[in-house]
Amino acid sequence: MAPPRQVTIVGASLGGMSLAQELRRLGYDGGVTVIGAEPTRAHYDRTQLSKDLLTGRAEPDSLYLATEDEIAALTLDLRTGRRATALRTGEGGTTVTVDDGTSLGAEVVVIATGSAARRPRFPSDLRGVHCLRSLEDGLALRAALADAERVVVLGAGFIGCEVAAAARELGREVTVVDIQPVPMHGVLGPVVGDHFRRLHQARGTAFELGTGVDGLVGDGHVRGVRLADGRVLDADLVVIGFGGVPETRWLEGSGVAMDNGVLCDDAGRTTAAGVFALGDAARWHSPRHGRPVRSEHWNHVGLQASVVAENIVAGAVTTQSAPAARLDALPSFWTDQFGSRMQLVGAPAPEDSVHILAGAPGESGLVAVYTRDGHATAAVAVDAPRALIRHHAQVAAGAPWPPVQATPH
Ligand SMILES: Cc1cc2nc3c(=O)[nH]c(=O)nc-3n(C[C@H](O)[C@H](O)[C@H](O)COP(=O)(O)OP(=O)(O)OC[C@H]3O[C@@H](n4cnc5c(N)ncnc54)[C@H](O)[C@@H]3O)c2cc1C
């Protein structure tokens, strides 16, 4: 089928702009409109917000992923500081409504609106309480860290732990609170999660694990965190790291199927003809897992953008047409804490067995493989990228574990 003449992308950050770049790389010469809610350029490396930006090792200018000239060369109709407020699909065509009152008709719409920070159940509207999603949030948190003495991080997920590490590097007193028994338990399980507990504790981070939070204490400015057991931790800076929720409120009533993200097939196509979704806002069907998966990791977004671009250029824009490209990639991500990089490939479950192949939890050089029912499901390596490459193929193939040894003749 012929490619569409006009593509409208909602979200001007990693997913949206990677797609625009990919469309042009494939020679697509139709119109491309990109609508982005952040007030300035949003195509920056969000992963650095909880790492080098906080410690001051990176400045905002170094985070941009393309120069202004490179963006200009894409000849986009780029509308920054504008938020899409509604999507209409159906027989009358597809229309995106924008908060400046305009309505844009488009043959193809791509949803790339990412995720928003999950808010706590208790009131959190006090000065000194921060979330971290945007560059604006990152700069505000960096400024607050400069004056803070006692930092409490709520949630020992990746972002919470990275913020805690940066705050310790800046010499602040830091406590991390989580209901789980070890950091990142839901993603990494008990053994590798415990690696992070040890890594942090060796550098002075305090933990309150297995502990819920009841609320915040303060009057105008936060003064403490009330734990579920009644204790109050003093704090003059609180960071909420409760993870992200897909930024899909603007799609209510659009007719696009959603369930913890916009549901897509493995080609990025939603249930509405001509509407794609990618990145943190989307939940693509994963042939590998046999169910929809919302990845929320950087590496996946670029791969999805390539698949969506190929399908748009091929005119394969409805689930009724055969796709030109599908995604069947192994999930992968990394985290940097205290100058140490952990990389993971695969999709471990907390109940998987963990086999330590090198090093020990808490130390640089840890290499481990996760297994389930005698097959490799994931591999993790701390400061050992070559070891990860060695185990990548085993994980991709779901190879038997322990590995079958070749019998000598
Ligand atoms: C602090 C932090 C650290 C991270 N660190 C890592 C890491 O170490 N490793 C890793 O693998 N991943 C990491 N990630 C995750 C990674 O950054 C995301 O997976 C990636 O940014 C997702 O890209 P996206 O384009 O889908 O969404 P986003 O990057 O969130 O971009 C979405 C854009 O859409 C805009 N938008 C939202 N709603 C609207 C609307 N209605 N109209 C117009 N525009 C809208 C938003 O303002 C935003 O600019 C981190 C994320 C954060 C926040």
# chains A, B, ... in the order shown; residues from 1 in each chain; ligands from 1
>>> residues_around(residues="A:Leu209", least_positions_apart="5", cutoff="7 Å", atoms="only C-alpha atoms", output="list of chain:residue names")
A:Val177, A:Asp178, A:Ile179, A:Gln180, A:Pro181, A:Val182
>>> residues_near_ligand(ligand="ligand 1", cutoff="7 Å", atoms="only C-alpha atoms and all ligand atoms", output="ChimeraX atom specification")
/A:10-16,35-38,42,45-50,82-85,112-115,132-134,159,247,250,278-281,296-299,301,333-336
>>> write_last_selection(atoms="N, CA and C atoms", output="compact mmCIF listing (two decimals), in the first residue's frame")
# COMPACT_ATOMS: atom_id res chain seq x y z
N VAL A 10 2.55 12.35 18.55
CA VAL A 10 2.27 13.06 19.81
C VAL A 10 3.30 12.61 20.83
N GLY A 11 4.13 13.56 21.30
CA GLY A 11 5.27 13.25 22.17
C GLY A 11 6.54 13.53 21.40
N ALA A 12 7.34 14.49 21.89
CA ALA A 12 8.52 14.95 21.12
C ALA A 12 9.82 14.57 21.80
N SER A 13 9.80 13.43 22.54
CA SER A 13 11.03 13.03 23.21
C SER A 13 11.63 11.81 22.51
N LEU A 14 12.16 10.88 23.29
CA LEU A 14 12.90 9.77 22.68
C LEU A 14 12.09 9.03 21.60
N GLY A 15 10.89 8.57 21.96
CA GLY A 15 10.11 7.77 21.03
C GLY A 15 9.67 8.57 19.82
N GLY A 16 9.08 9.74 20.07
CA GLY A 16 8.53 10.56 18.99
C GLY A 16 9.62 11.03 18.03
N ILE A 35 3.98 16.96 18.13
CA ILE A 35 3.43 17.80 19.21
C ILE A 35 4.08 17.38 20.52
N GLY A 36 4.69 18.31 21.23
CA GLY A 36 5.40 17.96 22.47
C GLY A 36 5.02 18.88 23.61
N ALA A 37 4.66 18.28 24.75
CA ALA A 37 4.13 19.08 25.87
C ALA A 37 5.22 19.84 26.63
N GLU A 38 6.47 19.34 26.60
CA GLU A 38 7.50 20.04 27.40
C GLU A 38 7.75 21.42 26.78
N ALA A 42 12.50 18.57 23.90
CA ALA A 42 12.32 17.41 24.80
C ALA A 42 13.16 16.22 24.38
N ASP A 45 18.43 13.06 26.77
CA ASP A 45 18.66 11.77 27.39
C ASP A 45 18.08 11.78 28.81
N ARG A 46 16.85 11.29 28.90
CA ARG A 46 16.13 11.30 30.18
C ARG A 46 16.86 10.43 31.21
N THR A 47 17.60 9.43 30.75
CA THR A 47 18.22 8.50 31.70
C THR A 47 19.27 9.20 32.57
N GLN A 48 19.79 10.33 32.10
CA GLN A 48 20.83 11.03 32.87
C GLN A 48 20.25 11.91 33.97
N LEU A 49 18.92 12.07 33.98
CA LEU A 49 18.31 12.97 34.97
C LEU A 49 18.54 12.48 36.40
N SER A 50 18.58 11.15 36.56
CA SER A 50 18.76 10.60 37.91
C SER A 50 20.22 10.24 38.16
N ARG A 82 3.14 22.34 23.54
CA ARG A 82 1.73 22.09 23.19
C ARG A 82 1.36 20.67 23.59
N ARG A 83 0.19 20.53 24.19
CA ARG A 83 -0.26 19.24 24.69
C ARG A 83 -1.45 18.76 23.88
N ALA A 84 -1.43 17.51 23.44
CA ALA A 84 -2.62 16.92 22.80
C ALA A 84 -3.63 16.64 23.91
N THR A 85 -4.87 16.98 23.68
CA THR A 85 -5.88 16.80 24.74
C THR A 85 -6.90 15.71 24.38
N ALA A 112 3.25 8.73 21.42
CA ALA A 112 4.59 8.55 22.03
C ALA A 112 4.68 9.46 23.25
N THR A 113 3.65 9.36 24.11
CA THR A 113 3.54 10.32 25.23
C THR A 113 4.17 9.81 26.53
N GLY A 114 4.86 8.68 26.48
CA GLY A 114 5.67 8.25 27.62
C GLY A 114 4.86 7.93 28.86
N SER A 115 5.50 8.20 30.01
CA SER A 115 4.79 7.93 31.26
C SER A 115 4.96 9.11 32.22
N LEU A 132 10.58 12.82 39.60
CA LEU A 132 11.60 13.00 38.57
C LEU A 132 11.18 12.35 37.26
N ARG A 133 10.76 13.17 36.31
CA ARG A 133 10.45 12.67 34.96
C ARG A 133 11.09 13.54 33.88
N SER A 134 11.09 14.86 34.11
CA SER A 134 11.52 15.77 33.04
C SER A 134 12.80 16.50 33.43
N ILE A 159 14.94 4.35 39.63
CA ILE A 159 15.12 5.81 39.72
C ILE A 159 15.38 6.20 41.17
N GLU A 247 1.21 7.69 30.18
CA GLU A 247 0.60 9.01 30.00
C GLU A 247 -0.46 8.90 28.90
N TRP A 250 -5.16 11.48 28.05
CA TRP A 250 -5.73 12.25 26.93
C TRP A 250 -6.43 11.36 25.90
N LEU A 278 4.09 3.77 20.76
CA LEU A 278 5.41 3.20 21.08
C LEU A 278 5.94 3.82 22.37
N GLY A 279 7.01 3.23 22.87
CA GLY A 279 7.67 3.76 24.07
C GLY A 279 6.91 3.42 25.35
N ASP A 280 7.14 4.23 26.38
CA ASP A 280 6.59 3.93 27.71
C ASP A 280 5.07 3.95 27.76
N ALA A 281 4.42 4.63 26.80
CA ALA A 281 2.95 4.71 26.81
C ALA A 281 2.31 3.45 26.25
N GLU A 296 9.21 0.21 29.27
CA GLU A 296 9.72 1.31 30.11
C GLU A 296 11.24 1.36 30.15
N HIS A 297 11.92 0.88 29.10
CA HIS A 297 13.37 0.97 29.06
C HIS A 297 13.82 1.58 27.74
N TRP A 298 14.86 2.33 27.84
CA TRP A 298 15.41 3.12 26.75
C TRP A 298 15.65 2.30 25.48
N ASN A 299 16.36 1.16 25.61
CA ASN A 299 16.79 0.41 24.42
C ASN A 299 15.62 0.00 23.54
N VAL A 301 12.82 1.52 23.03
CA VAL A 301 12.10 2.61 22.35
C VAL A 301 12.63 2.79 20.92
N PHE A 333 18.31 -3.56 29.75
CA PHE A 333 18.45 -2.22 30.32
C PHE A 333 19.68 -2.17 31.21
N TRP A 334 19.97 -0.98 31.68
CA TRP A 334 21.12 -0.80 32.56
C TRP A 334 20.75 0.18 33.67
N THR A 335 21.56 0.17 34.72
CA THR A 335 21.44 1.23 35.73
C THR A 335 22.85 1.56 36.21
N ASP A 336 23.09 2.83 36.49
CA ASP A 336 24.40 3.29 36.99
C ASP A 336 24.21 3.79 38.41
>>> select_by_dssp(residues="stretch 203-409 of chain A", states="helix (DSSP H, G or I)", output="NGL selection string")
:A and (249-251 or 279-281 or 298-313 or 385-397)
>>> write_last_selection(atoms="N, CA and C atoms", output="mmCIF file, in the first residue's frame")
data_model
loop_
_atom_site.group_PDB
_atom_site.id
_atom_site.type_symbol
_atom_site.label_atom_id
_atom_site.label_comp_id
_atom_site.auth_asym_id
_atom_site.auth_seq_id
_atom_site.Cartn_x
_atom_site.Cartn_y
_atom_site.Cartn_z
ATOM 1 N N ARG A 249 -4.015 9.573 29.673
ATOM 2 C CA ARG A 249 -5.312 10.157 30.077
ATOM 3 C C ARG A 249 -5.972 10.871 28.922
ATOM 4 N N TRP A 250 -5.162 11.481 28.047
ATOM 5 C CA TRP A 250 -5.729 12.250 26.931
ATOM 6 C C TRP A 250 -6.426 11.357 25.897
ATOM 7 N N LEU A 251 -6.260 10.038 26.032
ATOM 8 C CA LEU A 251 -6.864 9.113 25.054
ATOM 9 C C LEU A 251 -8.205 8.552 25.511
ATOM 10 N N GLY A 279 7.011 3.230 22.869
ATOM 11 C CA GLY A 279 7.668 3.761 24.074
ATOM 12 C C GLY A 279 6.907 3.417 25.347
ATOM 13 N N ASP A 280 7.139 4.233 26.380
ATOM 14 C CA ASP A 280 6.593 3.933 27.712
ATOM 15 C C ASP A 280 5.067 3.946 27.761
ATOM 16 N N ALA A 281 4.422 4.627 26.802
ATOM 17 C CA ALA A 281 2.953 4.709 26.814
ATOM 18 C C ALA A 281 2.311 3.454 26.247
ATOM 19 N N TRP A 298 14.863 2.326 27.839
ATOM 20 C CA TRP A 298 15.409 3.119 26.750
ATOM 21 C C TRP A 298 15.655 2.297 25.477
ATOM 22 N N ASN A 299 16.362 1.160 25.611
ATOM 23 C CA ASN A 299 16.790 0.408 24.421
ATOM 24 C C ASN A 299 15.618 0.002 23.537
ATOM 25 N N HIS A 300 14.509 -0.320 24.183
ATOM 26 C CA HIS A 300 13.344 -0.811 23.451
ATOM 27 C C HIS A 300 12.725 0.271 22.569
ATOM 28 N N VAL A 301 12.821 1.524 23.030
ATOM 29 C CA VAL A 301 12.098 2.606 22.350
ATOM 30 C C VAL A 301 12.630 2.791 20.925
ATOM 31 N N GLY A 302 13.946 2.789 20.780
ATOM 32 C CA GLY A 302 14.551 2.956 19.447
ATOM 33 C C GLY A 302 14.172 1.803 18.530
ATOM 34 N N LEU A 303 14.146 0.583 19.079
ATOM 35 C CA LEU A 303 13.782 -0.577 18.259
ATOM 36 C C LEU A 303 12.336 -0.460 17.793
ATOM 37 N N GLN A 304 11.471 -0.021 18.707
ATOM 38 C CA GLN A 304 10.060 0.151 18.330
ATOM 39 C C GLN A 304 9.908 1.242 17.262
ATOM 40 N N ALA A 305 10.672 2.327 17.396
ATOM 41 C CA ALA A 305 10.573 3.416 16.416
ATOM 42 C C ALA A 305 10.944 2.904 15.027
ATOM 43 N N SER A 306 11.955 2.034 14.934
ATOM 44 C CA SER A 306 12.349 1.495 13.618
ATOM 45 C C SER A 306 11.230 0.652 13.031
ATOM 46 N N VAL A 307 10.602 -0.167 13.877
ATOM 47 C CA VAL A 307 9.516 -1.038 13.391
ATOM 48 C C VAL A 307 8.330 -0.189 12.913
ATOM 49 N N VAL A 308 7.953 0.822 13.708
ATOM 50 C CA VAL A 308 6.802 1.653 13.331
ATOM 51 C C VAL A 308 7.110 2.406 12.033
ATOM 52 N N ALA A 309 8.313 2.948 11.909
ATOM 53 C CA ALA A 309 8.666 3.693 10.694
ATOM 54 C C ALA A 309 8.562 2.782 9.471
ATOM 55 N N GLU A 310 9.089 1.573 9.588
ATOM 56 C CA GLU A 310 9.029 0.645 8.432
ATOM 57 C C GLU A 310 7.587 0.359 8.049
ATOM 58 N N ASN A 311 6.729 0.181 9.038
ATOM 59 C CA ASN A 311 5.330 -0.135 8.738
ATOM 60 C C ASN A 311 4.600 1.062 8.143
ATOM 61 N N ILE A 312 4.927 2.267 8.602
ATOM 62 C CA ILE A 312 4.286 3.451 8.030
ATOM 63 C C ILE A 312 4.719 3.598 6.570
ATOM 64 N N VAL A 313 6.015 3.477 6.333
ATOM 65 C CA VAL A 313 6.523 3.659 4.963
ATOM 66 C C VAL A 313 5.942 2.590 4.032
ATOM 67 N N PRO A 385 30.644 -5.918 30.820
ATOM 68 C CA PRO A 385 29.847 -5.959 29.589
ATOM 69 C C PRO A 385 30.167 -7.158 28.709
ATOM 70 N N ARG A 386 31.445 -7.610 28.724
ATOM 71 C CA ARG A 386 31.766 -8.742 27.845
ATOM 72 C C ARG A 386 31.105 -10.030 28.322
ATOM 73 N N ALA A 387 30.982 -10.165 29.639
ATOM 74 C CA ALA A 387 30.314 -11.362 30.179
ATOM 75 C C ALA A 387 28.852 -11.360 29.734
ATOM 76 N N LEU A 388 28.265 -10.168 29.710
ATOM 77 C CA LEU A 388 26.857 -10.097 29.311
ATOM 78 C C LEU A 388 26.693 -10.542 27.853
ATOM 79 N N ILE A 389 27.615 -10.105 27.011
ATOM 80 C CA ILE A 389 27.550 -10.504 25.594
ATOM 81 C C ILE A 389 27.634 -12.025 25.491
ATOM 82 N N ARG A 390 28.513 -12.621 26.311
ATOM 83 C CA ARG A 390 28.659 -14.092 26.271
ATOM 84 C C ARG A 390 27.348 -14.802 26.577
ATOM 85 N N HIS A 391 26.554 -14.235 27.505
ATOM 86 C CA HIS A 391 25.328 -14.940 27.919
ATOM 87 C C HIS A 391 24.088 -14.506 27.138
ATOM 88 N N HIS A 392 24.241 -13.486 26.315
ATOM 89 C CA HIS A 392 23.096 -12.948 25.581
ATOM 90 C C HIS A 392 22.418 -14.038 24.733
ATOM 91 N N ALA A 393 23.244 -14.777 23.973
ATOM 92 C CA ALA A 393 22.677 -15.773 23.054
ATOM 93 C C ALA A 393 21.944 -16.867 23.828
ATOM 94 N N GLN A 394 22.517 -17.270 24.984
ATOM 95 C CA GLN A 394 21.852 -18.316 25.790
ATOM 96 C C GLN A 394 20.460 -17.858 26.215
ATOM 97 N N VAL A 395 20.390 -16.587 26.646
ATOM 98 C CA VAL A 395 19.105 -16.055 27.112
ATOM 99 C C VAL A 395 18.144 -15.932 25.934
ATOM 100 N N ALA A 396 18.652 -15.419 24.812
ATOM 101 C CA ALA A 396 17.782 -15.233 23.636
ATOM 102 C C ALA A 396 17.180 -16.571 23.204
ATOM 103 N N ALA A 397 17.972 -17.637 23.322
ATOM 104 C CA ALA A 397 17.494 -18.955 22.873
ATOM 105 C C ALA A 397 16.748 -19.691 23.981
#
>>> residues_around(residues="stretch 239-243 of chain A", least_positions_apart="3", cutoff="7 Å", atoms="only C-alpha atoms", output="number ranges by chain")
A: 117-118, 129-131, 152-155, 157, 159-160
